[in-house]
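Structure, as structure tokens:
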Amino acid sequence: MSAIQDSLRPAGVQAAQIYDLWLLMLVVCTIVFAAVFGAFVMALWRAPRATERTAPDVAAISSQEPKSLLAVSIGLIVSAVGLIALIIASVLTDRALAALPLKDGLVIEVTARQWWWDIVYDDHEPSRIFRTANELHIPVGRPVVIKLKSSDVIHSFWVPNLHGKKDLIPGHTSLIQLRADQPGVYRGQCAEFCGHQHAKMAFLVIAHEPQDFERWAQSQRQPAKEPEGELQKRGREVFLSSPCIMCHRIDGTVAQGRQAPDLTHLASRRTIAAGTLPNTRGNLGGWILDPQSTKPGVMMPPVALAAADLQALLAYLESLH
Amino acid sequence: MNNRAGIVAMSCACLLLVSCEREARRFQQPAPTAATPQAVPGSDIRAGAQPLTKATPNPAEQNAYAVAQGKRLFVWYNCVGCHAHGGGGSGPALMDDKWLYGAEPVNVYRTIVEGRPNGMPAFGTVIPESQVWQLVAYVRSMSGLLRPDVAPGRDDDLAAVPPESRREPAVPKTAK
């Protein structure tokens with residue numbers, strides 16, 4: 001899980017623009033801070049002082065300071081110019097963010113749910129549409145249009161290395177357009193408090209070279225692999241006869257639930273429980289038996305399975321590449 | 001005088017305790033067992049027979065969060081597919097005063113777990129016990145059988161009927 005989440009290391013053109021704006025604001029505000037602090041220290045330094053025997057000489061501050069009008073005017077003008085410059089830079093950045101060319105864009109629909117991300121890759125051809133969860137794969141250099149929806153409360157989509165935040169509002173579709181310019185794994189995070197497990201509502205953005213992305217997408221379009229061997233077959237039976245089937249979907253089986261992450265290619269994902277745990281056999285087993293210990297309040301109920309059934313189920317789930 | 005103020009303060013404190021129970025969220029359910037739950041007695045119930053009346057209290061009925069979860073699961077598990085939002089469709093209505101298999105929590109529990117003739121599937125192996133109790137609580141709230149401060153007070157979608165918390169209790173009469 002060597003994913004980075006850092007707005008100061010832009011990996012896309014928009015994050016770079018936001019970074020430039022941030023640098024400008026940092027420089028301007030640092031200069032203003034230093035100037036104000038310097039003036040304050042100077043005022044302290046020049047303040048009338050009393051000694052043990054004499055009262056402070058307040059003559060200097062009891063009459064009007066010469067050229068005070070000039071000093072105030074200069075201060076006002078400098079402040080106004082600085083603020084207006086920042087506003088202009090901000091507006092220009094905003095326009096540049098929206099000016100991302102969207103020709104040949106990839107359309108992805110992301111639905112936020114408490115507390116995970118449901119991801120559907122759209123296509124003109126219905127048979128090429130596919131669904132995944134908590135892992136957003138995108139091709140490098142190609143614009144991506146993400147339709148953002150929410151099924152319950154307000155969430156916010158934030159991948160600091162690629163773009164700013166965008167809220168997901170129930171009953172409303174919002175859009176965010178972005179482009180990754182460097183391959184890599186970037187961590188995204190829900191950025192609007194959305195309930196008990198808001199902090200553990202993360203996802204990964206994996207930016208591939210275009211041909212790698214196509215290979216990945218093609219593998220995700222396939223139905224789940226048929227189980228091989230008795231153990232995996234039994235694992236599928238366990239899946240289909242236990243509470244898993246009520247909410248999860250495994251394409252190619254009768255499990256077609258939409259209330260929980262699609263597990264058709266679970267083994268190809270790096271994390272489980274929305275970026276909470278690395279996808280290992282031990283974590284998966286612990287998560288199935290007692291998800292409430294890892295993520296209290298999560299909608300997944302604890303599932304009691306006999307040891308042999310659990311091992312079979314894990315063997316099956318691990319085969320779903 | 002002071003004594004009376006003390007009594008009033010104590011009463012207020014007791015009221016607070018009630019609200020604690022009402023809002024408590026228990027995420028750590030006791031580990032369910034694979035065997036059929038033993039707390040609920042079996043019955044030879046069939047349509048028209050006298051339903052089981054032995055009361056087994058529903059742990060979810062005093063808790064607003066549990067009832068709200070029941071309401072969510074009612075949609076997620078596609079109860080709405082047959083019963084609609086209580087008005088009924090290919091399954092019977094749930095918001096009226098008719099209870100083919102009894103109105104006690106234990107009766108509704110068994111209906112969900114065992115299934116019933118003419119279409120109601122048995123969910124006993126696929127819905128965990130704690131969630132069945134949440135569904136039972138919500139089903140009973142549909143006809144106003146729960147305390148108004150525990151029953152759900154709003155819908156996420158446009159609603160054609162008042163919310164469960166504002167429904168008049170429909171006194172159950174078992175079909176003859």
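Residues in the structure tokens are numbered from 1 in each chain, the chains being A, B, ... in the order shown, and ligands are numbered from 1 in the order shown.
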
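By only C-alpha atoms, and with residues fewer than 2 positions from Glu61 in chain B along its chain excluded, the set lying at most 10 Å from it is Arg22, Pro57, Asn58, Pro59, Asn63, Ala64, Tyr65, Ala66, Val67, Pro105, Trp133, Gln134, Leu135, Val136, Ala137, Tyr138, Arg140, Ser141, Leu145, Leu146, Arg147, Val150 and Ala151 of chain B.
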
Take the residues just selected and output them with C-alpha atoms as a PDB file, in the first residue's frame.
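Heads up, here's the output in result_28.pdb:
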ATOM      1  CA  ARG B  22     -33.351   4.961  22.778  1.00  0.00           C
ATOM      2  CA  PRO B  57     -39.333  -9.236  23.868  1.00  0.00           C
ATOM      3  CA  ASN B  58     -37.654  -7.822  20.791  1.00  0.00           C
ATOM      4  CA  PRO B  59     -34.313  -6.289  21.812  1.00  0.00           C
ATOM      5  CA  ASN B  63     -33.907   1.517  20.122  1.00  0.00           C
ATOM      6  CA  ALA B  64     -34.386   4.140  17.431  1.00  0.00           C
ATOM      7  CA  TYR B  65     -31.151   3.254  15.652  1.00  0.00           C
ATOM      8  CA  ALA B  66     -32.106  -0.426  15.402  1.00  0.00           C
ATOM      9  CA  VAL B  67     -35.530   0.432  13.961  1.00  0.00           C
ATOM     10  CA  PRO B 105     -42.492  -9.845  17.628  1.00  0.00           C
ATOM     11  CA  TRP B 133     -34.911  -8.423  15.007  1.00  0.00           C
ATOM     12  CA  GLN B 134     -34.310  -5.007  13.426  1.00  0.00           C
ATOM     13  CA  LEU B 135     -36.627  -5.930  10.564  1.00  0.00           C
ATOM     14  CA  VAL B 136     -39.250  -7.214  13.016  1.00  0.00           C
ATOM     15  CA  ALA B 137     -39.152  -3.920  14.884  1.00  0.00           C
ATOM     16  CA  TYR B 138     -39.535  -1.947  11.670  1.00  0.00           C
ATOM     17  CA  ARG B 140     -44.266  -3.563  13.627  1.00  0.00           C
ATOM     18  CA  SER B 141     -43.587   0.172  13.487  1.00  0.00           C
ATOM     19  CA  LEU B 145     -47.187  -0.567  17.258  1.00  0.00           C
ATOM     20  CA  LEU B 146     -43.925   0.980  18.483  1.00  0.00           C
ATOM     21  CA  ARG B 147     -43.362   3.940  20.767  1.00  0.00           C
ATOM     22  CA  VAL B 150     -38.486   5.085  18.621  1.00  0.00           C
ATOM     23  CA  ALA B 151     -40.255   4.659  15.258  1.00  0.00           C
TER      24      ALA B 151
END

| query | Neighbours of range 228-240 of chain A within 7 Å (only C-alpha atoms; same-chain residues fewer than 4 positions away dropped), as a PyMOL selection string? | reply | chain A and resi 244-245+255+309+312-313+315-316

| Which neighbours of range 157-172 of chain B fall inside 7 Å, counting only C-alpha atoms, when residues of the same chain fewer than 6 positions from it are skipped, and could you give them as a ChimeraX atom specification? | /B:96-99,103,141-145,148-149,151

Counting only C-alpha atoms, a student should be able to say which residues of chain A come within 7 Å of chain B; what is the right answer, written as a PDB file with C-alpha atoms, in the first residue's frame?
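Resulting contents of selection-v3.pdb:
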ATOM      1  CA  SER A 241     -25.789 -19.851   1.294  1.00  0.00           C
ATOM      2  CA  SER A 242     -24.601 -17.366   3.922  1.00  0.00           C
ATOM      3  CA  PRO A 243     -25.478 -13.704   4.576  1.00  0.00           C
ATOM      4  CA  MET A 246     -27.834 -10.604   0.573  1.00  0.00           C
ATOM      5  CA  GLN A 259     -25.722  -2.814  -1.296  1.00  0.00           C
ATOM      6  CA  GLN A 292     -17.359  -4.454  13.714  1.00  0.00           C
ATOM      7  CA  PRO A 296     -17.406  -0.170  14.304  1.00  0.00           C
ATOM      8  CA  GLY A 297     -20.744   0.770  12.790  1.00  0.00           C
ATOM      9  CA  ALA A 304     -20.421 -16.851  11.898  1.00  0.00           C
ATOM     10  CA  LEU A 305     -18.808 -19.601   9.858  1.00  0.00           C
TER      11      LEU A 305
END

| For Val106 in chain B, the nearest of the candidates B:Thr56, B:Gly70, B:Ser11, B:Asp155, counting only C-alpha atoms | B:Thr56

| task | Please report, as a ChimeraX atom specification, each residue of range 16-251 of chain A to which DSSP assigns helix (DSSP H, G or I) when run on this structure's backbone. | result | /A:16-46,59-62,68-98,126-128,210-221,229-241,244-247

| said: For range 205-212 of chain A, find every residue with an atom within 8 Å (counting only C-alpha atoms), except residues of its own chain fewer than 4 positions away, and show them as a PyMOL selection string. | reply: chain A and resi 135-140+159+180+182-188+216

Output N, CA and C atoms for every residue in that selection, as a PDB file, in the first residue's frame.
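Written file, out.pdb:
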ATOM      1  N   GLU A 135     -11.425   1.196  -5.682  1.00  0.00           N
ATOM      2  CA  GLU A 135     -10.168   1.264  -6.422  1.00  0.00           C
ATOM      3  C   GLU A 135     -10.461   1.834  -7.799  1.00  0.00           C
ATOM      4  N   LEU A 136      -9.949   3.033  -8.048  1.00  0.00           N
ATOM      5  CA  LEU A 136     -10.240   3.734  -9.286  1.00  0.00           C
ATOM      6  C   LEU A 136      -9.008   3.647 -10.180  1.00  0.00           C
ATOM      7  N   HIS A 137      -9.113   2.880 -11.254  1.00  0.00           N
ATOM      8  CA  HIS A 137      -7.989   2.773 -12.185  1.00  0.00           C
ATOM      9  C   HIS A 137      -8.222   3.745 -13.331  1.00  0.00           C
ATOM     10  N   ILE A 138      -7.188   4.518 -13.677  1.00  0.00           N
ATOM     11  CA  ILE A 138      -7.330   5.476 -14.772  1.00  0.00           C
ATOM     12  C   ILE A 138      -6.089   5.425 -15.658  1.00  0.00           C
ATOM     13  N   PRO A 139      -6.278   5.748 -16.950  1.00  0.00           N
ATOM     14  CA  PRO A 139      -5.116   5.782 -17.844  1.00  0.00           C
ATOM     15  C   PRO A 139      -4.389   7.117 -17.723  1.00  0.00           C
ATOM     16  N   VAL A 140      -3.081   7.079 -17.787  1.00  0.00           N
ATOM     17  CA  VAL A 140      -2.276   8.301 -17.722  1.00  0.00           C
ATOM     18  C   VAL A 140      -2.475   9.110 -19.002  1.00  0.00           C
ATOM     19  N   VAL A 159      -8.784  13.467  -4.040  1.00  0.00           N
ATOM     20  CA  VAL A 159      -7.495  12.831  -4.317  1.00  0.00           C
ATOM     21  C   VAL A 159      -6.479  13.971  -4.412  1.00  0.00           C
ATOM     22  N   ALA A 180      -4.477  12.360 -14.829  1.00  0.00           N
ATOM     23  CA  ALA A 180      -3.203  12.023 -14.187  1.00  0.00           C
ATOM     24  C   ALA A 180      -2.123  12.064 -15.250  1.00  0.00           C
ATOM     25  N   GLN A 182       1.248  11.345 -14.353  1.00  0.00           N
ATOM     26  CA  GLN A 182       2.332  10.415 -13.977  1.00  0.00           C
ATOM     27  C   GLN A 182       1.709   9.135 -13.454  1.00  0.00           C
ATOM     28  N   PRO A 183       2.224   7.982 -13.894  1.00  0.00           N
ATOM     29  CA  PRO A 183       1.719   6.726 -13.334  1.00  0.00           C
ATOM     30  C   PRO A 183       2.024   6.658 -11.844  1.00  0.00           C
ATOM     31  N   GLY A 184       1.162   6.004 -11.116  1.00  0.00           N
ATOM     32  CA  GLY A 184       1.400   5.895  -9.674  1.00  0.00           C
ATOM     33  C   GLY A 184       0.146   5.480  -8.943  1.00  0.00           C
ATOM     34  N   VAL A 185       0.288   5.314  -7.645  1.00  0.00           N
ATOM     35  CA  VAL A 185      -0.847   4.953  -6.797  1.00  0.00           C
ATOM     36  C   VAL A 185      -1.094   6.107  -5.842  1.00  0.00           C
ATOM     37  N   TYR A 186      -2.282   6.707  -5.947  1.00  0.00           N
ATOM     38  CA  TYR A 186      -2.601   7.873  -5.134  1.00  0.00           C
ATOM     39  C   TYR A 186      -3.771   7.540  -4.227  1.00  0.00           C
ATOM     40  N   ARG A 187      -3.661   7.979  -2.991  1.00  0.00           N
ATOM     41  CA  ARG A 187      -4.725   7.669  -2.051  1.00  0.00           C
ATOM     42  C   ARG A 187      -5.755   8.788  -2.069  1.00  0.00           C
ATOM     43  N   GLY A 188      -7.018   8.402  -2.107  1.00  0.00           N
ATOM     44  CA  GLY A 188      -8.107   9.375  -2.000  1.00  0.00           C
ATOM     45  C   GLY A 188      -8.840   9.146  -0.700  1.00  0.00           C
ATOM     46  N   TRP A 216      -6.221  -4.076 -17.831  1.00  0.00           N
ATOM     47  CA  TRP A 216      -6.947  -4.181 -16.562  1.00  0.00           C
ATOM     48  C   TRP A 216      -8.457  -4.143 -16.795  1.00  0.00           C
TER      49      TRP A 216
END

| message | Please list as an MDAnalysis selection string every residue within 12 Å of range 19-23 of chain A, counting only C-alpha atoms and excluding residues in the same chain fewer than 4 positions away. | response | chainID A and resid 6:15 27:30 85:94 96:97 160:164

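Interatomic distance, CA of Ile119 in chain A against CA of Asn134 in chain A: 7.2 Å.
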
| request: Pick out each residue of range 134-267 of chain A that DSSP on the backbone tags as strand (DSSP E or B); I need them as a PyMOL selection string. | output: chain A and resi 135-139+144-150+155-158+165-168+170+174-178+180+184-190+202-208+249+256+262

Emit the selected residues as a PDB file, in the first residue's frame, including C-alpha atoms.
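What landed in again.pdb:
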ATOM      1  CA  GLU A 135     -10.168   1.264  -6.422  1.00  0.00           C
ATOM      2  CA  LEU A 136     -10.240   3.734  -9.286  1.00  0.00           C
ATOM      3  CA  HIS A 137      -7.989   2.773 -12.185  1.00  0.00           C
ATOM      4  CA  ILE A 138      -7.330   5.476 -14.772  1.00  0.00           C
ATOM      5  CA  PRO A 139      -5.116   5.782 -17.844  1.00  0.00           C
ATOM      6  CA  VAL A 144     -11.434  11.310 -16.868  1.00  0.00           C
ATOM      7  CA  VAL A 145     -14.945  12.597 -16.223  1.00  0.00           C
ATOM      8  CA  ILE A 146     -16.249  11.314 -12.908  1.00  0.00           C
ATOM      9  CA  LYS A 147     -19.953  11.501 -12.146  1.00  0.00           C
ATOM     10  CA  LEU A 148     -20.332  11.786  -8.407  1.00  0.00           C
ATOM     11  CA  LYS A 149     -23.420  10.542  -6.599  1.00  0.00           C
ATOM     12  CA  SER A 150     -24.336   9.694  -3.050  1.00  0.00           C
ATOM     13  CA  HIS A 155     -19.581  12.814   1.145  1.00  0.00           C
ATOM     14  CA  SER A 156     -16.617  14.464  -0.580  1.00  0.00           C
ATOM     15  CA  PHE A 157     -14.287  13.051  -3.213  1.00  0.00           C
ATOM     16  CA  TRP A 158     -10.679  14.079  -2.687  1.00  0.00           C
ATOM     17  CA  LYS A 165     -12.353  18.282  -3.415  1.00  0.00           C
ATOM     18  CA  LYS A 166     -15.841  17.812  -4.783  1.00  0.00           C
ATOM     19  CA  ASP A 167     -18.897  17.011  -2.695  1.00  0.00           C
ATOM     20  CA  LEU A 168     -21.244  14.128  -3.445  1.00  0.00           C
ATOM     21  CA  PRO A 170     -27.723  12.755  -2.311  1.00  0.00           C
ATOM     22  CA  SER A 174     -21.969  16.451  -9.639  1.00  0.00           C
ATOM     23  CA  LEU A 175     -18.996  16.201 -11.963  1.00  0.00           C
ATOM     24  CA  ILE A 176     -15.266  16.310 -11.486  1.00  0.00           C
ATOM     25  CA  GLN A 177     -12.804  16.187 -14.375  1.00  0.00           C
ATOM     26  CA  LEU A 178      -9.206  15.240 -13.865  1.00  0.00           C
ATOM     27  CA  ALA A 180      -3.203  12.023 -14.187  1.00  0.00           C
ATOM     28  CA  GLY A 184       1.400   5.895  -9.674  1.00  0.00           C
ATOM     29  CA  VAL A 185      -0.847   4.953  -6.797  1.00  0.00           C
ATOM     30  CA  TYR A 186      -2.601   7.873  -5.134  1.00  0.00           C
ATOM     31  CA  ARG A 187      -4.725   7.669  -2.051  1.00  0.00           C
ATOM     32  CA  GLY A 188      -8.107   9.375  -2.000  1.00  0.00           C
ATOM     33  CA  GLN A 189     -10.215  10.064   1.044  1.00  0.00           C
ATOM     34  CA  CYS A 190     -13.738  11.135   1.913  1.00  0.00           C
ATOM     35  CA  ALA A 202     -10.615   5.829   1.572  1.00  0.00           C
ATOM     36  CA  PHE A 203      -9.890   4.614  -1.930  1.00  0.00           C
ATOM     37  CA  LEU A 204      -6.919   4.208  -4.228  1.00  0.00           C
ATOM     38  CA  VAL A 205      -6.448   5.848  -7.596  1.00  0.00           C
ATOM     39  CA  ILE A 206      -4.114   3.787  -9.741  1.00  0.00           C
ATOM     40  CA  ALA A 207      -2.842   5.601 -12.819  1.00  0.00           C
ATOM     41  CA  HIS A 208      -1.652   3.144 -15.503  1.00  0.00           C
ATOM     42  CA  ARG A 249     -22.403  -9.324  -6.071  1.00  0.00           C
ATOM     43  CA  GLN A 256     -26.387  -9.939  -7.413  1.00  0.00           C
ATOM     44  CA  ASP A 262     -18.834  -5.895  -5.925  1.00  0.00           C
TER      45      ASP A 262
END
